[in-house]
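What follows is a single structure, written as structure tokens, with notes after it.
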Amino acid sequence: MKFGKKLKDEMVPEWSEAYMDYGGLKHLLKDINHYNTHRKVDIENQGSETGKIQHKNSIKLSNGKLFIPAEMGQNEKSFFEKLDNELEKVDRFNKDKVEDAKGEAAELAKQMEALIALRKKVKERGTKGDKAASSKVTSPGRASSEAEEDQLDFKEEVDKFGEKIIKPASSSSENRDSSLGEHGRTPSDVLECVKIQNTSDSPKSSVERLLLGNTEKECSFSQEELKEVEEKLKKAFVEFYHKLRRLNQYSFMNLSAFSVILEKYEKITSRKVMRSYMKIVDNSYIGSSDEVTGLLNKVEATIVKHFNSGRGDDIRLVRPERKREKHSIWFLSGFYCGFSVALIMAIVLIIKTRKLLDKEEATVYLDSIYPLYSFYGYIILHMLIGAANIYLWRCYRINYSFILGFKPGTELDHKEVFLLASGLAVLVLTACLVQLHIRMDSRIQEHETFVELVPLGLLIGLVLICLCPFNIIYRSSRFFLIRSLFRSMCAPLYKVNMIDFFLSDQLTSQTQAIRSFVYYICYYSWGKSSAGRKMCHVSDVYIVFYYISAAIPYWIRFFQCIRRLMEEKEMKHGFNGFTYFSMLLSVVFQSTFRLKKKMTWKVWALVSSGVAALANITWDIRMDWGLLQMKSRNFLLRDKLLLHHKTVYYIAMILEVLLRFVWLQVVLSFDMRPLRGKVITSTFASLEILRRGIWNFFRLENEHLNNVGEYRAFKSLPLPFITDEDKVGKNE
């Protein structure tokens, strides 16, 4: 593998601008090589020996800097000038990140001291009864010596941990004293200065924080509290360890880049410069500092000692294995895809050969079961577009797993999502083919009762697969999706994360699938007769739920925006909430117009739909995509773009506008002769899913560029303890 590709693969996406510009330096080397080649040809044509290119055998250091010969060409001078600038850039960035890591290590040391003290207190409370019983036969002098021994044990354990974390983080005694306290402090003394942060994400805790501002609580010294604190602190240590590994990898890859680019320079120019310049690199901060390596070893030892029992589990925790490429995924995807095409052709042949569309009874039956299978069609289409999104995110190095909060190594790639979509398509099409064949064959209609249960059995089977507790069919991803869906449905009781509102946005584009699910309930609630199935379209209860269900996703997003507004105090979330509330009103007025068919409701539906479309277009393009920036060097776009062709952004904005106004056809009722009834609805629903796929790519592109601009490559996890010093810092 070429080094340039390896550097790109190993690069932290959010730090891409902080790495050495290997590509730019290679481009300068090409210019140097091109210049030397042409100059050599010119000299050979002139036949001059005196003008022959001569290079000094080596370039040496002078006063710690590289001595540039006067005869060196301008291209080579530009190369070394850029090389110096790149070294200064990566050295400064590395030093800043190391300083941040040292500060974070000091903060974790404070947290660890409080945890050790809490463990001691919980242990004391657990053995309090035994001590009370034994105190009757224990002398006061022995009790005093036991207390002193416990205090010495606590001091020794804290001091050992301080040596592990604080010493490499800072050599100053002041930092050590402030974080580990003075000698002679007991667990009670330590816990008097700290309180436990109320970072629980339960609905009760969320309401307390929002309404009462209750963000901290006193220590209760219970086992449940200790387990909760240990779990939070373990996550903080693991995240810190991953950050240190990435920082260590950053240093290694940049040092390797300098070595490789200098080796290429020597090969092109025949100047011996690598050894001299690498001395400068080795003497720089990034080349000489070993603080990150020391922190890595000691943090890993801390995790092994304080948070787990088995070292094998700990190593897997802090060093997750990379996902292996499985060729079976491609094979199964191709097999399922071809099988799906064959099943579609078989269904079409059954409809054509038996002339089902020409028979009134068959047409009515097809209309009655169409929503049962279109429900899966919308989901499969969304999954296929999601697979395309993931493929493009990977091509343009958009760190979607970090943005959406996937656990490293558990995120699905485009091949796996495509496999799931094609596998689901095979199941759905097989069920549809079986039902049509048996139901429309007069010779085997005695099985009609069982055939009608095929769609219900398919739905129950898929639900059971999603809830299956065994480690099959991507269990971690299934449970992650279910958890996020539950949190979204419970809005605004839970804190809103990126995945929560991203998933809720997907639901707003699946309103027709939600309505099909409501039809599922109706279809199997009015008995098995054909007359009972027709009642779904005339039942007042079904019609009410049919229209209410379309408003649920917008209602969820509205509550999520209100929750973020109350937490972050930023008015942009209020305007975002207005966009979803306008969509909510639009759905209500459209539904009312469909029911009553009066001009008044038509006007309200048109006005609300127009306002909602304009508000959502403005928010999507301006805020979610970050486009339409008037002062950008790219006209009506933004300064940083991942796609090379600007035309794609303009096309995406035009499609956003057109597809947002597609639903006005529901109110205006344009004459669309080729399309009728459910076909129109399905076409528009599919276009909305397509629009959501376009939105997905540019939304995460903009979020990724924001992370790159702020070098934000890691999550900021809440720590369990808050000290008096932290309170003073917040007040200041």
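Labels for the structure tokens follow display order: chains A, B, ..., residues from 1 in each chain, ligands from 1.
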
**Request:** Using DSSP on the backbone coordinates, identify the residues of stretch 470-534 of chain A assigned to helix (DSSP H, G or I); present them as JSON, numbers by chain.
**Result:** {"A": [475, 476, 477, 478, 479, 480, 481, 482, 483, 484, 485, 486, 487, 488, 489, 498, 499, 500, 501, 502, 503, 504, 505, 506, 507, 508, 511, 512, 513, 514, 515, 516, 517, 518, 519, 520, 521, 522, 523, 530, 531, 532, 533, 534]}

**Item:** Between atom CA of A:Val588 and atom CA of A:Ser368 - distance in Å to one decimal
**Value:**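 If I compute the distance from atom CA of A:Ser368 to atom CA of A:Val588, I get 25.2 Å.
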
**Asked** Hey, what's within 9 Å of A:Phe402 if we count only C-alpha atoms and toss same-chain stuff fewer than 5 positions away? As a PyMOL selection string, please?
**Response** chain A and resi 407-408+713-715

Create the file for the chosen residues now, containing C-alpha atoms and written as a PDB file, in the first residue's frame.
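Listed below is the output, again_24.pdb:
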ATOM      1  CA  LYS A 407     -20.011   2.386  19.437  1.00  0.00           C
ATOM      2  CA  PRO A 408     -16.679   1.962  17.589  1.00  0.00           C
ATOM      3  CA  ALA A 713     -13.062  14.116  17.260  1.00  0.00           C
ATOM      4  CA  PHE A 714     -14.167  12.810  20.657  1.00  0.00           C
ATOM      5  CA  LYS A 715     -17.210  12.980  22.858  1.00  0.00           C
TER       6      LYS A 715
END
